[in-house]
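The next block is target20.txt, given as compact mmCIF, C-alpha atoms.
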# COMPACT_ATOMS: atom_id res chain seq x y z
CA MET A 1 -39.40 -114.67 36.87
CA ASN A 2 -41.01 -116.73 34.09
CA THR A 3 -43.89 -114.26 33.85
CA LYS A 4 -41.45 -111.36 33.44
CA ILE A 5 -39.53 -113.18 30.72
CA ILE A 6 -42.78 -113.95 28.88
CA LEU A 7 -43.96 -110.35 29.16
CA LYS A 8 -40.67 -108.99 27.84
CA SER A 9 -40.70 -111.51 24.98
CA VAL A 10 -44.25 -110.43 24.05
CA MET A 11 -43.18 -106.77 24.07
CA LEU A 12 -40.20 -107.63 21.85
CA ILE A 13 -42.44 -109.51 19.41
CA ILE A 14 -44.70 -106.44 19.21
CA LYS A 15 -41.67 -104.20 18.62
CA GLY A 16 -40.50 -106.59 15.91
CA VAL A 17 -43.88 -106.46 14.18
CA PHE A 18 -43.67 -102.64 14.10
CA VAL A 19 -40.11 -102.80 12.72
CA GLY A 20 -40.96 -105.36 10.01
CA PHE A 21 -44.21 -103.64 9.09
CA GLY A 22 -42.69 -100.17 9.20
CA ALA A 23 -39.76 -101.20 7.00
CA ILE A 24 -42.22 -101.86 4.18
CA MET A 25 -43.63 -98.33 4.40
CA PRO A 26 -42.15 -95.79 1.97
CA GLY A 27 -40.01 -93.20 3.74
CA ILE A 28 -39.55 -95.27 6.90
CA SER A 29 -36.21 -96.90 7.67
CA GLY A 30 -36.01 -100.36 9.21
CA GLY A 31 -32.71 -99.37 10.79
CA THR A 32 -34.29 -96.26 12.27
CA LEU A 33 -37.03 -98.35 13.86
CA CYS A 34 -34.50 -100.89 15.18
CA ALA A 35 -32.50 -98.07 16.73
CA ALA A 36 -35.63 -96.37 18.04
CA PHE A 37 -36.82 -99.56 19.74
CA GLY A 38 -33.40 -100.28 21.25
CA MET A 39 -32.64 -103.33 19.05
CA TYR A 40 -30.05 -101.86 16.68
CA LYS A 41 -26.95 -102.71 18.73
CA PRO A 42 -28.17 -106.22 19.74
CA LEU A 43 -28.80 -107.06 16.07
CA LEU A 44 -25.36 -105.77 15.09
CA ASN A 45 -23.85 -107.96 17.80
CA LEU A 46 -25.84 -110.93 16.49
CA LEU A 47 -24.44 -110.46 12.99
CA SER A 48 -20.85 -109.74 14.05
CA SER A 49 -20.57 -112.20 17.00
CA PRO A 50 -23.46 -114.67 16.61
CA ARG A 51 -22.35 -117.34 19.10
CA LYS A 52 -21.75 -114.98 22.00
CA THR A 53 -24.87 -112.93 21.31
CA ILE A 54 -27.15 -115.99 21.04
CA LYS A 55 -25.69 -117.35 24.28
CA ASP A 56 -26.20 -114.06 26.16
CA ASN A 57 -29.48 -112.83 24.66
CA GLY A 58 -30.75 -115.44 22.22
CA LEU A 59 -34.30 -115.76 23.57
CA HIS A 60 -35.09 -112.06 23.35
CA LEU A 61 -33.52 -111.70 19.91
CA PHE A 62 -35.49 -114.72 18.70
CA ALA A 63 -38.73 -113.14 19.95
CA PHE A 64 -37.90 -109.85 18.24
CA LEU A 65 -36.98 -111.53 14.93
CA ILE A 66 -40.23 -113.52 14.95
CA GLY A 67 -42.08 -110.21 15.15
CA VAL A 68 -39.94 -108.71 12.37
CA GLY A 69 -40.62 -111.68 10.11
CA PHE A 70 -44.35 -111.52 10.72
CA GLY A 71 -44.51 -107.76 10.20
CA PHE A 72 -42.34 -107.89 7.08
CA VAL A 73 -43.81 -110.89 5.28
CA GLY A 74 -47.14 -111.60 6.96
CA LEU A 75 -48.35 -108.00 6.86
CA SER A 76 -46.96 -106.96 3.48
CA GLY A 77 -50.41 -107.31 1.90
CA LEU A 78 -51.92 -105.18 4.66
CA ALA A 79 -49.16 -102.61 4.13
CA GLY A 80 -50.05 -102.26 0.46
CA TRP A 81 -53.76 -101.96 1.26
CA LEU A 82 -53.23 -99.34 3.98
CA MET A 83 -50.90 -97.32 1.77
CA GLU A 84 -53.61 -97.20 -0.86
CA LYS A 85 -56.32 -96.24 1.65
CA ASN A 86 -54.54 -93.55 3.68
CA SER A 87 -50.75 -93.52 3.64
CA ARG A 88 -50.52 -90.14 5.40
CA ILE A 89 -52.32 -91.27 8.56
CA LEU A 90 -50.22 -94.43 8.69
CA ILE A 91 -47.00 -92.43 8.39
CA CYS A 92 -48.18 -90.09 11.18
CA ILE A 93 -48.58 -93.10 13.46
CA PHE A 94 -45.03 -94.22 12.70
CA ILE A 95 -43.68 -90.72 13.29
CA GLY A 96 -45.27 -90.85 16.73
CA LEU A 97 -43.84 -94.32 17.35
CA ILE A 98 -40.35 -93.06 16.50
CA ALA A 99 -40.69 -89.85 18.53
CA GLY A 100 -41.80 -91.81 21.59
CA THR A 101 -38.44 -93.59 21.68
CA ILE A 102 -36.24 -90.46 21.54
CA PRO A 103 -36.18 -89.84 25.34
CA GLU A 104 -34.83 -93.34 26.00
CA LEU A 105 -32.35 -93.08 23.12
CA TRP A 106 -31.09 -89.77 24.51
CA THR A 107 -30.61 -91.30 27.95
CA ASN A 108 -28.78 -94.35 26.58
CA ALA A 109 -26.55 -92.21 24.34
CA GLY A 110 -25.39 -90.21 27.37
CA LYS A 111 -24.46 -93.20 29.55
CA MET A 112 -20.76 -92.51 28.99
CA GLY A 113 -21.13 -88.76 29.18
CA ARG A 114 -21.61 -86.07 26.55
CA LYS A 115 -18.77 -84.15 24.97
CA PRO A 116 -18.71 -81.48 22.25
CA ALA A 117 -17.98 -84.33 19.82
CA SER A 118 -21.34 -85.90 20.79
CA TYR A 119 -23.30 -82.84 19.69
CA ILE A 120 -21.14 -82.40 16.60
CA SER A 121 -21.74 -86.01 15.51
CA MET A 122 -25.48 -85.62 16.12
CA THR A 123 -25.54 -82.48 13.96
CA VAL A 124 -23.43 -84.09 11.23
CA GLY A 125 -25.67 -87.17 11.22
CA PHE A 126 -28.76 -84.97 10.88
CA VAL A 127 -27.38 -82.71 8.14
CA LEU A 128 -25.82 -85.56 6.13
CA LEU A 129 -28.95 -87.72 6.00
CA PHE A 130 -31.23 -84.73 5.48
CA SER A 131 -29.12 -83.67 2.48
CA ILE A 132 -29.12 -87.19 1.00
CA LEU A 133 -32.89 -87.58 1.39
CA MET A 134 -33.54 -84.12 -0.08
CA LEU A 135 -31.37 -85.04 -3.06
CA LEU A 136 -33.31 -88.26 -3.61
CA LYS A 137 -36.62 -86.47 -3.16
CA TYR A 138 -35.98 -83.86 -5.82
CA THR A 139 -34.32 -86.07 -8.46
CA GLY A 140 -36.19 -88.18 -10.95
CA GLY A 141 -36.68 -91.92 -10.68
CA PHE A 142 -34.42 -94.52 -12.31
CA ALA A 143 -36.14 -97.67 -13.54
CA VAL A 144 -34.64 -101.13 -12.87
CA LYS A 145 -36.17 -104.28 -14.36
CA PRO A 146 -38.14 -106.41 -11.82
CA ASN A 147 -36.15 -109.61 -12.39
CA VAL A 148 -33.73 -111.72 -10.30
CA TRP A 149 -31.06 -109.02 -10.40
CA GLY A 150 -33.57 -106.32 -9.64
CA PHE A 151 -34.87 -108.16 -6.56
CA LEU A 152 -31.28 -108.94 -5.51
CA LEU A 153 -30.74 -105.18 -5.57
CA CYS A 154 -33.88 -104.83 -3.43
CA GLY A 155 -32.30 -107.11 -0.82
CA VAL A 156 -29.02 -105.19 -0.82
CA ILE A 157 -30.86 -101.89 -0.40
CA TRP A 158 -32.96 -103.34 2.42
CA GLY A 159 -29.83 -104.63 4.13
CA ILE A 160 -28.26 -101.17 3.94
CA SER A 161 -31.37 -99.59 5.45
CA PHE A 162 -31.16 -101.92 8.48
CA ILE A 163 -27.42 -101.37 8.98
CA ILE A 164 -27.53 -97.60 8.40
CA PRO A 165 -30.45 -96.05 10.33
CA GLY A 166 -32.38 -93.39 8.45
CA MET A 167 -31.94 -94.84 4.97
CA SER A 168 -35.40 -95.82 3.77
CA SER A 169 -35.24 -98.88 1.53
CA SER A 170 -38.84 -98.44 0.37
CA THR A 171 -38.19 -94.88 -0.74
CA LEU A 172 -35.16 -96.00 -2.75
CA LEU A 173 -37.11 -98.90 -4.27
CA ILE A 174 -39.83 -96.50 -5.41
CA PHE A 175 -37.02 -94.41 -6.90
CA PHE A 176 -35.83 -97.49 -8.86
CA GLY A 177 -39.39 -98.53 -9.82
CA LEU A 178 -39.24 -101.85 -7.94
CA TYR A 179 -41.41 -101.21 -4.90
CA GLN A 180 -44.86 -102.38 -6.02
CA GLN A 181 -43.61 -105.52 -7.79
CA MET A 182 -41.54 -106.49 -4.77
CA LEU A 183 -44.44 -105.87 -2.36
CA ASN A 184 -46.75 -108.02 -4.48
CA GLY A 185 -44.14 -110.77 -4.58
CA ILE A 186 -43.71 -110.78 -0.78
CA SER A 187 -47.44 -110.82 -0.08
CA ASN A 188 -47.91 -113.71 -2.55
CA PHE A 189 -44.88 -115.64 -1.18
CA SER A 190 -43.32 -115.67 -4.65
CA LEU A 191 -39.97 -117.52 -4.50
CA PRO A 192 -38.52 -115.67 -7.56
CA VAL A 193 -38.92 -112.53 -5.46
CA LEU A 194 -38.23 -113.82 -1.93
CA LEU A 195 -35.06 -115.82 -2.67
CA PRO A 196 -32.98 -113.07 -4.36
CA LEU A 197 -34.38 -110.57 -1.85
CA ALA A 198 -33.19 -112.69 1.10
CA LEU A 199 -29.82 -113.38 -0.56
CA GLY A 200 -29.11 -109.71 -1.23
CA MET A 201 -30.14 -108.73 2.28
CA GLY A 202 -28.02 -111.47 3.87
CA ILE A 203 -24.91 -110.54 1.87
CA CYS A 204 -25.24 -106.87 2.79
CA LEU A 205 -25.96 -107.47 6.49
CA PHE A 206 -23.02 -109.80 7.05
CA ALA A 207 -20.63 -107.68 4.96
CA LEU A 208 -21.29 -104.42 6.81
CA SER A 209 -22.24 -105.55 10.33
CA LYS A 210 -18.70 -106.08 11.64
CA ILE A 211 -17.55 -102.68 10.41
CA VAL A 212 -20.48 -100.85 11.98
CA SER A 213 -20.25 -102.91 15.19
CA ARG A 214 -16.59 -102.02 15.68
CA ALA A 215 -17.36 -98.35 15.08
CA TYR A 216 -20.09 -98.59 17.72
CA GLN A 217 -17.65 -100.09 20.24
CA LYS A 218 -14.86 -97.62 19.55
CA TRP A 219 -16.93 -94.44 19.35
CA TYR A 220 -20.05 -95.30 21.37
CA THR A 221 -20.98 -91.75 22.42
CA GLN A 222 -20.43 -90.19 19.02
CA PHE A 223 -22.12 -93.05 17.18
CA SER A 224 -25.14 -93.06 19.51
CA HIS A 225 -25.69 -89.33 19.14
CA ALA A 226 -25.21 -89.53 15.37
CA ILE A 227 -28.02 -92.09 15.25
CA ILE A 228 -30.32 -89.66 17.11
CA GLY A 229 -29.52 -87.01 14.49
CA ILE A 230 -30.17 -89.53 11.70
CA ILE A 231 -33.50 -90.61 13.21
CA SER A 232 -34.57 -86.97 13.60
CA ALA A 233 -33.74 -86.15 9.97
CA SER A 234 -35.52 -89.26 8.73
CA SER A 235 -38.63 -88.42 10.77
CA ILE A 236 -38.78 -84.83 9.50
CA MET A 237 -38.48 -86.00 5.89
CA ILE A 238 -41.40 -88.43 6.07
CA VAL A 239 -43.88 -85.92 7.55
CA PRO A 240 -46.84 -85.69 5.12
CA TYR A 241 -46.74 -81.91 4.78
CA ASP A 242 -49.57 -81.88 2.23
CA MET A 243 -51.97 -82.52 5.14
CA ILE A 244 -51.49 -78.90 6.23
CA HIS A 245 -54.10 -77.74 3.68
CA SER A 246 -56.88 -79.48 5.61
CA PRO A 247 -57.41 -78.65 9.33
CA SER A 248 -59.26 -81.94 9.85
CA ASP A 249 -56.34 -83.88 8.34
CA VAL A 250 -53.89 -81.99 10.55
CA LEU A 251 -55.95 -82.83 13.64
CA SER A 252 -56.29 -86.50 12.76
CA GLY A 253 -52.57 -86.69 11.95
CA MET A 254 -51.67 -85.13 15.30
CA ILE A 255 -53.97 -87.54 17.16
CA CYS A 256 -52.44 -90.53 15.39
CA ALA A 257 -48.91 -89.29 16.04
CA ALA A 258 -49.77 -88.72 19.72
CA ALA A 259 -51.20 -92.25 19.94
CA GLY A 260 -48.04 -93.66 18.38
CA PHE A 261 -45.88 -91.64 20.79
CA PHE A 262 -47.81 -92.88 23.83
CA LEU A 263 -47.66 -96.48 22.65
CA SER A 264 -43.89 -96.58 22.01
CA PHE A 265 -43.00 -94.47 25.06
CA THR A 266 -45.08 -96.72 27.33
CA ALA A 267 -43.69 -99.88 25.75
CA GLY A 268 -40.15 -98.58 26.27
CA LYS A 269 -40.82 -97.89 29.95
CA ILE A 270 -42.29 -101.36 30.45
CA CYS A 271 -39.32 -103.05 28.76
CA SER A 272 -36.87 -100.99 30.83
CA LYS A 273 -38.57 -101.96 34.08
CA LEU A 274 -38.68 -105.63 33.10
CA SER A 275 -34.97 -105.55 32.22
CA ILE A 276 -34.07 -104.01 35.58
CA GLN A 277 -36.19 -106.53 37.48
CA MET A 278 -34.66 -109.50 35.62
CA ASN A 279 -31.07 -108.37 36.26
Target encoding structure tokens, full file:
Amino acid sequence: MNTKIILKSVMLIIKGVFVGFGAIMPGISGGTLCAAFGMYKPLLNLLSSPRKTIKDNGLHLFAFLIGVGFGFVGLSGLAGWLMEKNSRILICIFIGLIAGTIPELWTNAGKMGRKPASYISMTVGFVLLFSILMLLKYTGGFAVKPNVWGFLLCGVIWGISFIIPGMSSSTLLIFFGLYQQMLNGISNFSLPVLLPLALGMGICLFALSKIVSRAYQKWYTQFSHAIIGIISASSIMIVPYDMIHSPSDVLSGMICAAAGFFLSFTAGKICSKLSIQMN
């Protein structure tokens, strides 16, 4: 029993690292990754009903959040370096990681059956987010000063991206001209950056979590399928289509995406088996 708990905790730490690290990447949503790795609803429960959630599942959430913290803060410098070296290959890996979780998400979304409303909500979620991201993609940037208020805005945007899957905080921060300064501040552990960032994120998470959690409880099937549509739209939008001009880049991108798919799909299967054995 102890070995199984340790193994599941290790897997959750690894998932958390991917979520924290991926949230820094432009175009990738922290909420999408949380939903893809099956941690979206547990985190909502933690924010809306902390005492009950910690009592029921505190150890696993703690392990996951350790991974998120390490991936978000500890690997921010690596994120910047990798984005400079080859952002397209890195994004392909994350696309594979996300795609590898879709089968499990589809199964979980259908636990209470599928109705026409399920497919409608999935379509609406896809079309709505796709339209928003297309609008952001083809409109010009809007500069915000990198000061306390600017980094507070960064935190609010990051909080929204965790609560609403598919919304990429990094993409929005690039749009506002805050991304690089914020990334440098995180990697250097700069308090003038970290403190307003954490404050803005905390305010947003606690303000919206109860609303989203209640919606999840009341419309589980529709909400779960809408998230699948949102994840699909987000994944399509971050595909580095400029790789298509080079056959070698296409091949390497497909290999990286396949590796990411295998990794997340296998990790999901292992976590599912461990959960069944521990119950």
Checklist entry - Pick the closest to Leu263 in chain A from A:Gly100, A:Pro146, A:Gly113, A:Gly16: which is it, counting all atoms listed in the file? => result A:Gly100
Item to check | Residue nearest Gly22 in chain A - candidates A:Cys92, A:Ile6, A:Ile203, A:Ile132, atoms counted: all atoms listed in the file | outcome: A:Cys92
Item to check | Nearby residues (only C-alpha atoms) at most 12 Å from Lys210 in chain A, same-chain spacing under 5 positions excluded, as a VMD selection string | outcome: chain A and resid 41 43 to 50 163 204 to 205 215 to 217
Checklist entry - Nearest to Thr107 in chain A among A:Gly58, A:Gly155, A:Gly38, A:Gly200, with distances taken over all atoms listed in the file: which residue is it? => result A:Gly38
Item to check | Pick from A:Phe261, A:Phe223, A:Phe126, A:Phe151, whichever lies nearest to Ala35 in chain A using all atoms listed in the file | outcome: A:Phe223
Next on the checklist: I'd like the interatomic distance between CA of Val17 in chain A and CA of Gly202 in chain A, to a tenth of an Å.
Outcome noted: 19.6 Å
Item to check | Pick from A:Met201, A:Ile244, A:Ala258, A:Ala99 nearest to Phe162 in chain A, counting only C-alpha atoms | outcome: A:Met201
Checklist entry - Phe262 in chain A: which residues within 10 Å, counting only C-alpha atoms, same-chain residues fewer than 6 positions away excluded, as a list in words? => result Gly96, Leu97, Ala99, Gly100, Thr101, Cys256 and Gly268 of chain A
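Between CA of Ile255 in chain A and CA of Ile102 in chain A the separation is 18.5 Å.
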Around range 179-197 of chain A, fit a box with edges along x, y and z, padding it by 4 Å on each side, then list its centre and edge lengths in Å to one decimal as lines of an AutoDock Vina configuration file.
center_x = -40.4
center_y = -109.4
center_z = -3.9
size_x = 22.9
size_y = 24.3
size_z = 15.7
Checklist entry - Between A:Pro240, A:Ser252, A:Tyr220, A:Gln181, which one has atoms that come closest to Ala117 in chain A, using only C-alpha atoms? => result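 Counting only C-alpha atoms, the residue closest to Ala117 in chain A is A:Tyr220.
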Checklist entry - Between CA of Ile13 in chain A and CA of Ser187 in chain A, what is the distance, to one decimal in Å? => result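 Value for the CA of Ile13 in chain A-CA of Ser187 in chain A distance: 20.2 Å.
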Nearby residues (all atoms listed in the file) at most 12 Å from Val193 in chain A, same-chain spacing under 2 positions excluded, as a short mmCIF file (atom, residue, chain, number, x, y, z; two decimals) with C-alpha atoms, in the frame of the given file:
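Everything below was put into around-v1.cif:
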data_model
loop_
_atom_site.label_atom_id
_atom_site.label_comp_id
_atom_site.auth_asym_id
_atom_site.auth_seq_id
_atom_site.Cartn_x
_atom_site.Cartn_y
_atom_site.Cartn_z
CA VAL A 73 -43.81 -110.89 5.28
CA PRO A 146 -38.14 -106.41 -11.82
CA ASN A 147 -36.15 -109.61 -12.39
CA VAL A 148 -33.73 -111.72 -10.30
CA TRP A 149 -31.06 -109.02 -10.40
CA GLY A 150 -33.57 -106.32 -9.64
CA PHE A 151 -34.87 -108.16 -6.56
CA LEU A 152 -31.28 -108.94 -5.51
CA LEU A 153 -30.74 -105.18 -5.57
CA CYS A 154 -33.88 -104.83 -3.43
CA GLY A 155 -32.30 -107.11 -0.82
CA LEU A 178 -39.24 -101.85 -7.94
CA TYR A 179 -41.41 -101.21 -4.90
CA GLN A 180 -44.86 -102.38 -6.02
CA GLN A 181 -43.61 -105.52 -7.79
CA MET A 182 -41.54 -106.49 -4.77
CA LEU A 183 -44.44 -105.87 -2.36
CA ASN A 184 -46.75 -108.02 -4.48
CA GLY A 185 -44.14 -110.77 -4.58
CA ILE A 186 -43.71 -110.78 -0.78
CA SER A 187 -47.44 -110.82 -0.08
CA ASN A 188 -47.91 -113.71 -2.55
CA PHE A 189 -44.88 -115.64 -1.18
CA SER A 190 -43.32 -115.67 -4.65
CA LEU A 191 -39.97 -117.52 -4.50
CA LEU A 195 -35.06 -115.82 -2.67
CA PRO A 196 -32.98 -113.07 -4.36
CA LEU A 197 -34.38 -110.57 -1.85
CA ALA A 198 -33.19 -112.69 1.10
CA LEU A 199 -29.82 -113.38 -0.56
CA GLY A 200 -29.11 -109.71 -1.23
#
Next on the checklist: Applying 10 Å and all atoms listed in the file, which residues near Tyr241 in chain A remain after dropping the ones on its own chain fewer than 4 positions away? List them as a list in words.
Outcome noted: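 Returned residues: Arg88, Ile236, Met237, His245 and Val250 of chain A.
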